[in-house]
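Text of the file coords.cif, holding mmCIF, C-alpha atoms:
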```
data_input
loop_
_atom_site.label_atom_id
_atom_site.label_comp_id
_atom_site.auth_asym_id
_atom_site.auth_seq_id
_atom_site.Cartn_x
_atom_site.Cartn_y
_atom_site.Cartn_z
CA MET R 1 0.00 0.00 0.00
CA LYS R 2 1.34 3.44 -0.92
CA ALA R 3 1.85 5.84 1.97
CA ARG R 4 1.49 9.59 2.26
CA GLY R 5 4.65 11.20 0.94
CA ASP R 6 5.28 8.52 -1.67
CA ILE R 7 6.09 9.79 -5.17
CA VAL R 8 5.29 7.98 -8.44
CA ARG R 9 6.46 8.98 -11.91
CA ALA R 10 4.66 8.11 -15.16
CA PHE R 11 4.95 9.10 -18.80
CA ALA R 12 2.40 9.51 -21.56
CA PRO R 13 3.32 9.51 -25.26
CA ALA R 14 2.40 12.01 -27.94
CA GLY R 15 -0.36 11.04 -30.33
CA VAL R 16 -2.21 11.69 -33.56
CA GLY R 17 -5.81 12.72 -33.00
CA ASN R 18 -8.61 12.22 -35.56
CA ILE R 19 -6.36 10.22 -37.94
CA GLY R 20 -7.90 12.43 -40.59
CA VAL R 21 -11.01 10.44 -41.33
CA GLY R 22 -12.15 9.92 -37.70
CA PHE R 23 -12.73 13.42 -36.31
CA ASP R 24 -13.10 13.33 -32.48
CA LEU R 25 -13.38 9.54 -32.76
CA LEU R 26 -10.03 7.95 -33.70
CA GLY R 27 -6.47 8.43 -32.56
CA HIS R 28 -3.18 6.61 -32.12
CA SER R 29 -0.12 7.05 -29.95
CA ILE R 30 3.40 7.47 -31.31
CA ASP R 31 6.87 6.59 -30.10
CA GLY R 32 8.33 10.09 -29.89
CA PRO R 33 8.04 13.03 -27.50
CA ARG R 34 6.38 12.42 -24.15
CA ASP R 35 5.23 14.17 -20.99
CA ILE R 36 6.26 12.99 -17.52
CA ALA R 37 4.24 13.48 -14.35
CA SER R 38 5.59 13.08 -10.82
CA VAL R 39 2.76 12.75 -8.31
CA ARG R 40 3.12 12.78 -4.52
CA ARG R 41 0.46 11.65 -2.08
CA ILE R 42 -0.04 14.38 0.53
CA GLU R 43 -1.95 14.76 3.79
CA GLN R 44 -3.92 17.83 2.73
CA PRO R 45 -7.05 17.19 0.66
CA GLY R 46 -7.06 18.71 -2.80
CA VAL R 47 -4.58 19.00 -5.66
CA ARG R 48 -1.67 21.37 -6.06
CA ILE R 49 0.72 21.81 -8.98
CA ALA R 50 4.26 22.42 -7.76
CA THR R 51 6.20 22.92 -10.99
CA ILE R 52 5.94 22.72 -14.77
CA THR R 53 9.30 22.29 -16.49
CA GLY R 54 10.68 21.04 -19.79
CA ASP R 55 12.09 22.35 -23.04
CA ALA R 56 8.88 21.98 -25.03
CA THR R 57 7.62 25.09 -26.81
CA GLY R 58 5.00 26.98 -24.82
CA THR R 59 5.71 25.37 -21.44
CA ASP R 60 5.82 28.77 -19.74
CA SER R 61 2.24 29.47 -20.83
CA ILE R 62 0.73 26.48 -19.02
CA PRO R 63 -1.21 27.62 -15.93
CA LEU R 64 -0.46 26.33 -12.43
CA ALA R 65 -4.06 26.85 -11.33
CA VAL R 66 -5.61 23.40 -10.93
CA GLU R 67 -8.94 24.22 -12.59
CA ARG R 68 -7.15 25.65 -15.66
CA ASN R 69 -4.62 22.84 -16.04
CA THR R 70 -5.55 19.58 -17.76
CA ALA R 71 -3.53 17.39 -15.40
CA GLY R 72 -4.68 19.28 -12.32
CA GLN R 73 -8.34 19.02 -13.29
CA ALA R 74 -8.01 15.31 -14.10
CA LEU R 75 -6.60 14.63 -10.62
CA ALA R 76 -9.27 16.81 -9.01
CA SER R 77 -11.97 14.80 -10.83
CA LEU R 78 -10.40 11.54 -9.67
CA ARG R 79 -10.28 12.75 -6.05
CA GLY R 80 -13.86 13.94 -6.15
CA ALA R 81 -15.25 10.77 -7.67
CA LEU R 82 -13.46 8.52 -5.18
CA ASP R 83 -14.02 10.86 -2.19
CA LEU R 84 -10.37 10.51 -1.16
CA ASP R 85 -9.25 11.78 2.23
CA PHE R 86 -5.80 12.69 0.91
CA GLY R 87 -4.51 14.88 -1.87
CA PHE R 88 -1.96 14.97 -4.68
CA GLU R 89 0.99 17.22 -5.46
CA LEU R 90 1.99 17.26 -9.10
CA ALA R 91 5.16 18.16 -11.00
CA LEU R 92 5.03 18.10 -14.81
CA GLU R 93 7.93 17.69 -17.21
CA LYS R 94 6.73 18.74 -20.64
CA GLY R 95 8.29 17.07 -23.64
CA ILE R 96 5.40 17.69 -26.04
CA PRO R 97 5.04 21.25 -27.39
CA VAL R 98 1.91 23.26 -26.66
CA GLY R 99 -0.44 23.84 -29.61
CA ALA R 100 1.37 21.32 -31.81
CA GLY R 101 -1.45 18.91 -32.60
CA LEU R 102 0.43 16.11 -30.82
CA GLY R 103 -1.86 15.76 -27.82
CA GLY R 104 0.31 17.63 -25.33
CA SER R 105 -2.53 18.65 -23.04
CA ALA R 106 -3.92 15.12 -23.12
CA ALA R 107 -0.54 13.55 -22.34
CA SER R 108 -0.15 15.70 -19.24
CA CYS R 109 -3.45 14.60 -17.73
CA VAL R 110 -2.98 10.93 -18.68
CA ALA R 111 0.52 10.79 -17.21
CA ALA R 112 -0.76 12.42 -14.01
CA LEU R 113 -3.67 9.98 -13.75
CA VAL R 114 -1.50 6.90 -14.30
CA ALA R 115 0.90 8.08 -11.60
CA ALA R 116 -1.85 9.03 -9.15
CA ASN R 117 -3.66 5.75 -9.76
CA ALA R 118 -0.60 3.87 -8.54
CA LEU R 119 -0.84 5.83 -5.28
CA LEU R 120 -4.39 4.65 -4.56
CA ASP R 121 -4.95 1.95 -1.98
CA ASN R 122 -6.96 0.11 -4.65
CA PRO R 123 -5.77 1.20 -8.13
CA LEU R 124 -8.39 1.42 -10.85
CA PRO R 125 -8.30 -0.39 -14.22
CA ARG R 126 -7.29 1.75 -17.21
CA GLU R 127 -10.85 1.96 -18.47
CA ALA R 128 -11.97 3.59 -15.23
CA LEU R 129 -9.47 6.44 -15.70
CA TYR R 130 -11.04 7.45 -19.01
CA PRO R 131 -13.77 9.84 -17.73
CA PHE R 132 -11.26 11.66 -15.54
CA ALA R 133 -8.92 12.05 -18.51
CA ILE R 134 -11.77 13.53 -20.56
CA ASP R 135 -12.54 15.93 -17.70
CA GLY R 136 -8.95 17.09 -17.81
CA GLU R 137 -8.67 17.36 -21.58
CA ALA R 138 -11.84 19.44 -21.72
CA VAL R 139 -10.01 22.24 -19.92
CA SER R 140 -7.84 22.72 -22.99
CA SER R 141 -10.13 21.74 -25.85
CA HIS R 142 -13.36 23.22 -24.41
CA SER R 143 -15.11 20.10 -25.71
CA ARG R 144 -15.44 16.52 -24.50
CA GLN R 145 -13.86 13.91 -26.73
CA GLY R 146 -11.38 11.12 -26.12
CA ASP R 147 -9.48 10.72 -29.39
CA ASN R 148 -6.30 12.04 -27.74
CA VAL R 149 -6.46 10.61 -24.21
CA ALA R 150 -7.76 7.13 -25.12
CA PRO R 151 -4.77 6.07 -27.29
CA MET R 152 -2.44 7.28 -24.55
CA LEU R 153 -4.25 5.19 -21.96
CA LEU R 154 -4.44 2.02 -24.08
CA GLY R 155 -1.68 2.42 -26.67
CA GLY R 156 -1.98 1.89 -30.41
CA VAL R 157 -5.02 2.82 -32.51
CA VAL R 158 -8.15 3.49 -30.46
CA MET R 159 -11.76 4.33 -31.16
CA ALA R 160 -13.02 6.72 -28.48
CA THR R 161 -16.68 7.44 -27.81
CA ALA R 162 -18.10 9.47 -24.94
CA GLN R 163 -18.50 6.35 -22.79
CA ARG R 164 -15.83 3.91 -23.90
CA MET R 165 -12.49 3.38 -25.61
CA ILE R 166 -11.85 0.42 -27.91
CA ARG R 167 -8.40 -0.58 -29.09
CA LEU R 168 -8.41 -1.47 -32.80
CA ALA R 169 -6.27 -3.89 -34.75
CA ALA R 170 -3.21 -2.31 -36.37
CA PRO R 171 -0.81 -4.43 -38.44
CA ASP R 172 2.78 -4.22 -37.20
CA TRP R 173 3.99 -3.19 -40.66
CA LEU R 174 2.06 0.09 -40.45
CA HIS R 175 4.34 3.03 -39.69
CA CYS R 176 3.80 6.75 -39.59
CA VAL R 177 5.73 9.96 -40.04
CA VAL R 178 4.70 12.94 -37.94
CA VAL R 179 6.17 16.34 -38.81
CA HIS R 180 5.92 19.13 -36.27
CA PRO R 181 6.67 22.60 -37.68
CA ASP R 182 7.79 25.59 -35.66
CA GLN R 183 4.22 26.89 -35.62
CA VAL R 184 1.48 27.08 -32.98
CA LEU R 185 -2.19 26.57 -33.79
CA GLU R 186 -4.61 26.89 -30.88
CA THR R 187 -7.26 24.17 -30.73
CA ARG R 188 -9.97 26.78 -30.18
CA ARG R 189 -9.07 28.57 -33.42
CA ALA R 190 -8.87 25.29 -35.32
CA ARG R 191 -12.38 24.40 -34.15
CA GLU R 192 -13.85 27.76 -35.11
CA VAL R 193 -13.41 27.04 -38.83
CA LEU R 194 -15.61 23.94 -38.47
CA ALA R 195 -18.69 25.86 -37.29
CA GLU R 196 -20.48 26.08 -40.64
CA PRO R 197 -22.67 23.03 -41.44
CA TYR R 198 -21.66 20.42 -43.99
CA PRO R 199 -23.84 19.20 -46.87
CA LEU R 200 -25.30 15.74 -46.32
CA PRO R 201 -23.76 14.12 -49.45
CA LEU R 202 -20.28 15.08 -48.22
CA VAL R 203 -21.00 13.59 -44.79
CA VAL R 204 -22.18 10.36 -46.43
CA GLN R 205 -19.00 10.19 -48.51
CA GLN R 206 -16.88 10.75 -45.41
CA SER R 207 -18.77 7.95 -43.65
CA ALA R 208 -17.90 5.62 -46.53
CA HIS R 209 -14.23 6.55 -46.15
CA LEU R 210 -14.38 5.83 -42.42
CA ALA R 211 -15.96 2.43 -43.04
CA LEU R 212 -13.31 1.51 -45.62
CA PHE R 213 -10.54 2.68 -43.30
CA LEU R 214 -11.78 0.66 -40.32
CA THR R 215 -12.30 -2.43 -42.48
CA GLY R 216 -8.79 -2.05 -43.86
CA LEU R 217 -7.36 -1.92 -40.34
CA GLN R 218 -9.30 -4.98 -39.25
CA ARG R 219 -8.27 -6.99 -42.31
CA GLY R 220 -4.76 -5.60 -42.51
CA GLU R 221 -5.31 -4.53 -46.13
CA ALA R 222 -3.23 -1.56 -47.24
CA ALA R 223 -5.44 -0.89 -50.29
CA LEU R 224 -8.55 -0.39 -48.14
CA ILE R 225 -6.66 1.80 -45.69
CA ARG R 226 -5.45 3.93 -48.60
CA GLU R 227 -8.95 4.23 -50.05
CA GLY R 228 -10.41 5.25 -46.70
CA LEU R 229 -7.72 7.57 -45.35
CA GLN R 230 -9.10 10.71 -47.01
CA ASP R 231 -10.59 13.51 -44.93
CA LEU R 232 -13.24 15.47 -46.81
CA LEU R 233 -14.61 17.42 -43.84
CA VAL R 234 -11.99 18.86 -41.50
CA GLU R 235 -8.79 19.01 -43.53
CA PRO R 236 -10.06 21.34 -46.27
CA ARG R 237 -11.09 23.94 -43.68
CA ARG R 238 -8.03 23.69 -41.47
CA ALA R 239 -5.35 23.38 -44.14
CA PRO R 240 -5.28 27.15 -44.88
CA LEU R 241 -4.31 27.71 -41.23
CA ILE R 242 -1.09 25.71 -41.70
CA PRO R 243 1.52 27.30 -44.02
CA GLY R 244 3.31 24.54 -45.92
CA PHE R 245 0.66 21.88 -45.36
CA ALA R 246 -0.03 21.22 -49.04
CA ALA R 247 3.66 20.70 -49.80
CA VAL R 248 4.13 18.35 -46.84
CA LYS R 249 1.12 16.23 -47.81
CA ALA R 250 2.20 16.13 -51.46
CA ALA R 251 5.68 14.96 -50.42
CA ALA R 252 4.17 12.16 -48.35
CA LEU R 253 1.95 10.96 -51.18
CA ASP R 254 4.83 11.18 -53.65
CA CYS R 255 6.77 8.85 -51.35
CA GLY R 256 3.97 6.28 -51.39
CA ALA R 257 1.99 7.21 -48.28
CA LEU R 258 -1.31 5.40 -47.76
CA GLY R 259 -2.68 8.78 -46.72
CA ALA R 260 -1.70 12.00 -45.00
CA SER R 261 -3.56 14.69 -43.10
CA ILE R 262 -3.49 17.04 -40.11
CA SER R 263 -2.53 15.60 -36.73
CA GLY R 264 -5.16 16.59 -34.20
CA ALA R 265 -5.96 20.29 -34.52
CA GLY R 266 -2.62 20.92 -36.24
CA PRO R 267 -0.20 22.28 -37.24
CA SER R 268 1.61 18.92 -37.19
CA VAL R 269 1.04 16.65 -40.18
CA PHE R 270 1.03 12.85 -40.21
CA ALA R 271 1.27 10.21 -42.92
CA TRP R 272 0.83 6.44 -42.81
CA PHE R 273 3.08 4.04 -44.72
CA ALA R 274 3.10 0.30 -45.41
CA SER R 275 6.62 -0.12 -44.01
CA LYS R 276 9.18 1.49 -41.74
CA THR R 277 11.56 1.85 -44.67
CA GLU R 278 9.05 3.89 -46.68
CA ALA R 279 8.38 6.10 -43.67
CA GLU R 280 12.08 6.76 -43.10
CA VAL R 281 12.56 7.72 -46.74
CA ALA R 282 9.57 10.06 -46.66
CA ALA R 283 10.42 11.86 -43.41
CA PRO R 284 13.05 14.28 -44.78
CA ALA R 285 10.96 15.04 -47.87
CA MET R 286 7.97 15.89 -45.68
CA ARG R 287 10.09 18.08 -43.42
CA ALA R 288 11.34 19.97 -46.47
CA GLY R 289 7.77 21.04 -47.22
CA PHE R 290 7.68 23.08 -44.02
CA VAL R 291 11.26 24.28 -44.33
CA ASP R 292 10.57 25.60 -47.83
CA ALA R 293 7.62 27.51 -46.37
CA GLY R 294 9.96 29.15 -43.87
CA PHE R 295 9.46 26.95 -40.81
CA ASP R 296 11.91 24.65 -39.11
CA ALA R 297 10.38 21.25 -38.31
CA ARG R 298 11.03 18.02 -36.46
CA THR R 299 10.09 14.59 -37.75
CA TYR R 300 9.17 11.43 -35.88
CA VAL R 301 8.96 7.93 -37.35
CA SER R 302 6.95 5.47 -35.29
CA PRO R 303 4.90 2.31 -35.54
CA VAL R 304 1.24 3.26 -35.85
CA ALA R 305 0.62 1.00 -32.85
CA GLY R 306 2.56 3.24 -30.49
CA PRO R 307 3.13 2.80 -26.74
CA ARG R 308 0.72 3.45 -23.91
CA ALA R 309 1.27 5.61 -20.84
CA ASP R 310 3.05 3.74 -18.09
CA LEU R 311 4.90 3.97 -14.81
CA MET R 312 8.60 4.75 -14.94
CA ALA R 313 11.46 2.91 -13.29
CA GLY R 314 11.42 3.28 -9.54
CA ALA R 315 7.68 4.07 -9.41
#
```

Structure encoded using structure tokens:
Amino acid sequence: MKARGDIVRAFAPAGVGNIGVGFDLLGHSIDGPRDIASVRRIEQPGVRIATITGDATGTDSIPLAVERNTAGQALASLRGALDLDFGFELALEKGIPVGAGLGGSAASCVAALVAANALLDNPLPREALYPFAIDGEAVSSHSRQGDNVAPMLLGGVVMATAQRMIRLAAPDWLHCVVVHPDQVLETRRAREVLAEPYPLPLVVQQSAHLALFLTGLQRGEAALIREGLQDLLVEPRRAPLIPGFAAVKAAALDCGALGASISGAGPSVFAWFASKTEAEVAAPAMRAGFVDAGFDARTYVSPVAGPRADLMAGA
């Protein structure tokens, strides 16, 4: 049993939200940047955030106030639901840039929850942490969806509804490239461009793409994944907010990508490939699309079935 004063550390990986065709529904984790949470069990009830450190862009803009911090709110929701007689002190080490479209706000709250869960007298199963993660993520996104937090909790490709998260099959040959440019795009602004309604025929066509994509994953068929991985709804409206996007996507497709689109709310861009070799060849070409537009960029190559959040050595 964990005692008051004990400290547990956990990490949560970055991720790709939406996966283009599954807006607010699908996501997957990646083996790349990560956030780390150190949580201490304290006598005083409540949650307090001690420090936020790291070299990730925008770290200094993250609030220490619990109700305005995704990790703080997630821990507060956990405490309230379980009616705990003790509290948590949290220190965050940010490795995922703010406003990058890599799930940085989600990773902070998931890492904090995984660490805090290990401090409970009776730790909860992963599925039970999901509503608290959504509570935390809502602080940043101002909406309630799990396409970022669910893949971090379970790992790999996940379908996230309001009530549940379902891990989906993902062949081990599937790899992705994620390119993060030196740009910041606030989630709120990225959602504003989606306010106008969509015509029904376009929604039906998008639904067909989603069905093909999910079937391709389940069967492990690259051709079906390629046919389905086309976003007709969100990408066309958000692409103008991301200088260099068109060139980055074109480079990915020229290198044989099964599909490419905006990671989360952007500005990062992802592409899926049928092998690690293809992904590694495409990565510098995709980066060049942003560089030519005047923005430095980092690239990450990862299996599509990325890791899940977990405790760190010594926890």

Evaluate the PyMOL selection byres ((chain R and resi 206) around 9) and report residues as a list in words
Val21, Pro201, Leu202, Val203, Val204, Gln205, Ser207, Ala208, His209, Leu210, Ala211, Gly228, Gln230, Asp231, Leu232 and Leu233 of chain R

Near-Gly80 in chain R list (12 Å; only C-alpha atoms; drop same-chain fewer than 3 positions) as a PyMOL selection string
chain R and resi 45-47+73-77+83-87+132+135

Which residues of range 193-312 of chain R have any atom within 6 Å of an atom in range 138-162 of chain R when counting all atoms listed in the file, and what is the closest pair of atoms for each, with the distance in Å to one decimal? Order the rows by chain and rising number and write it as CSV.
```
residue,atom,partner,partner_atom,distance
R:Ala305,CA,R:Gly156,CA,3.7
R:Gly306,CA,R:Gly156,CA,4.7
R:Pro307,CA,R:Gly155,CA,4.8
R:Arg308,CA,R:Gly155,CA,3.8
R:Ala309,CA,R:Met152,CA,5.5
```

To verify the selection step, state as a ChimeraX atom specification which residues the PyMOL selection byres ((chain R and resi 297) around 8) yields on this input.
/R:179-182,287,290-291,295-296,298-299

File dump, residues just selected, C-alpha atoms, as a PDB file, in the coordinates of the input:
```
ATOM      1  CA  VAL R 179       6.170  16.340 -38.810  1.00  0.00           C
ATOM      2  CA  HIS R 180       5.920  19.130 -36.270  1.00  0.00           C
ATOM      3  CA  PRO R 181       6.670  22.600 -37.680  1.00  0.00           C
ATOM      4  CA  ASP R 182       7.790  25.590 -35.660  1.00  0.00           C
ATOM      5  CA  ARG R 287      10.090  18.080 -43.420  1.00  0.00           C
ATOM      6  CA  PHE R 290       7.680  23.080 -44.020  1.00  0.00           C
ATOM      7  CA  VAL R 291      11.260  24.280 -44.330  1.00  0.00           C
ATOM      8  CA  PHE R 295       9.460  26.950 -40.810  1.00  0.00           C
ATOM      9  CA  ASP R 296      11.910  24.650 -39.110  1.00  0.00           C
ATOM     10  CA  ARG R 298      11.030  18.020 -36.460  1.00  0.00           C
ATOM     11  CA  THR R 299      10.090  14.590 -37.750  1.00  0.00           C
TER      12      THR R 299
END
```

Residues picked by the PyMOL selection byres ((chain R and resi 55) around 10) here, as a ChimeraX atom specification?
/R:53-54,56-60,93-97

Could you list, with a cut-off of 9 Å and counting all atoms listed in the file, the residues of range 255-279 of chain R near range 8-17 of chain R, each shown with its nearest atom pair and the distance in Å rounded to one decimal, rows sorted by chain and ascending number, as JSON lines?
```
{"residue": "R:Ile262", "atom": "CA", "partner": "R:Val16", "partner_atom": "CA", "distance": 8.6}
{"residue": "R:Ser263", "atom": "CA", "partner": "R:Val16", "partner_atom": "CA", "distance": 5.0}
{"residue": "R:Gly264", "atom": "CA", "partner": "R:Gly17", "partner_atom": "CA", "distance": 4.1}
{"residue": "R:Ala265", "atom": "CA", "partner": "R:Gly17", "partner_atom": "CA", "distance": 7.7}
{"residue": "R:Ser268", "atom": "CA", "partner": "R:Val16", "partner_atom": "CA", "distance": 8.9}
{"residue": "R:Val269", "atom": "CA", "partner": "R:Val16", "partner_atom": "CA", "distance": 8.9}
{"residue": "R:Phe270", "atom": "CA", "partner": "R:Val16", "partner_atom": "CA", "distance": 7.5}
```

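Going from CA of Arg238 in chain R over to CA of Ile19 in chain R, you cover 14.0 Å.
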
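Distance check against Ala115 in chain R using only C-alpha atoms: of R:Gly20, R:Met312, R:Arg34, R:Arg79, the minimum falls on R:Met312.
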
For range 203-215 of chain R in the structure I just supplied, write out N, CA and C atoms - as a short mmCIF file (atom, residue, chain, number, x, y, z; two decimals), in the first residue's frame.
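Heads up, here's the output in decode-v3.cif:
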```
data_model
loop_
_atom_site.label_atom_id
_atom_site.label_comp_id
_atom_site.auth_asym_id
_atom_site.auth_seq_id
_atom_site.Cartn_x
_atom_site.Cartn_y
_atom_site.Cartn_z
N VAL R 203 -21.05 14.37 -46.03
CA VAL R 203 -21.00 13.59 -44.79
C VAL R 203 -21.13 12.10 -45.10
N VAL R 204 -22.01 11.76 -46.04
CA VAL R 204 -22.18 10.36 -46.43
C VAL R 204 -20.89 9.82 -47.04
N GLN R 205 -20.26 10.62 -47.89
CA GLN R 205 -19.00 10.19 -48.51
C GLN R 205 -17.91 10.00 -47.46
N GLN R 206 -17.87 10.89 -46.49
CA GLN R 206 -16.88 10.75 -45.41
C GLN R 206 -17.15 9.48 -44.61
N SER R 207 -18.43 9.17 -44.38
CA SER R 207 -18.77 7.95 -43.65
C SER R 207 -18.29 6.71 -44.40
N ALA R 208 -18.40 6.74 -45.72
CA ALA R 208 -17.90 5.62 -46.53
C ALA R 208 -16.39 5.47 -46.37
N HIS R 209 -15.69 6.61 -46.34
CA HIS R 209 -14.23 6.55 -46.15
C HIS R 209 -13.89 5.95 -44.79
N LEU R 210 -14.63 6.36 -43.75
CA LEU R 210 -14.38 5.83 -42.42
C LEU R 210 -14.61 4.32 -42.38
N ALA R 211 -15.68 3.86 -43.02
CA ALA R 211 -15.96 2.43 -43.04
C ALA R 211 -14.86 1.65 -43.76
N LEU R 212 -14.40 2.17 -44.89
CA LEU R 212 -13.31 1.51 -45.62
C LEU R 212 -12.04 1.47 -44.78
N PHE R 213 -11.75 2.58 -44.12
CA PHE R 213 -10.54 2.68 -43.30
C PHE R 213 -10.56 1.66 -42.16
N LEU R 214 -11.68 1.59 -41.44
CA LEU R 214 -11.78 0.66 -40.32
C LEU R 214 -11.73 -0.80 -40.79
N THR R 215 -12.35 -1.07 -41.92
CA THR R 215 -12.30 -2.43 -42.48
C THR R 215 -10.88 -2.79 -42.89
#
```
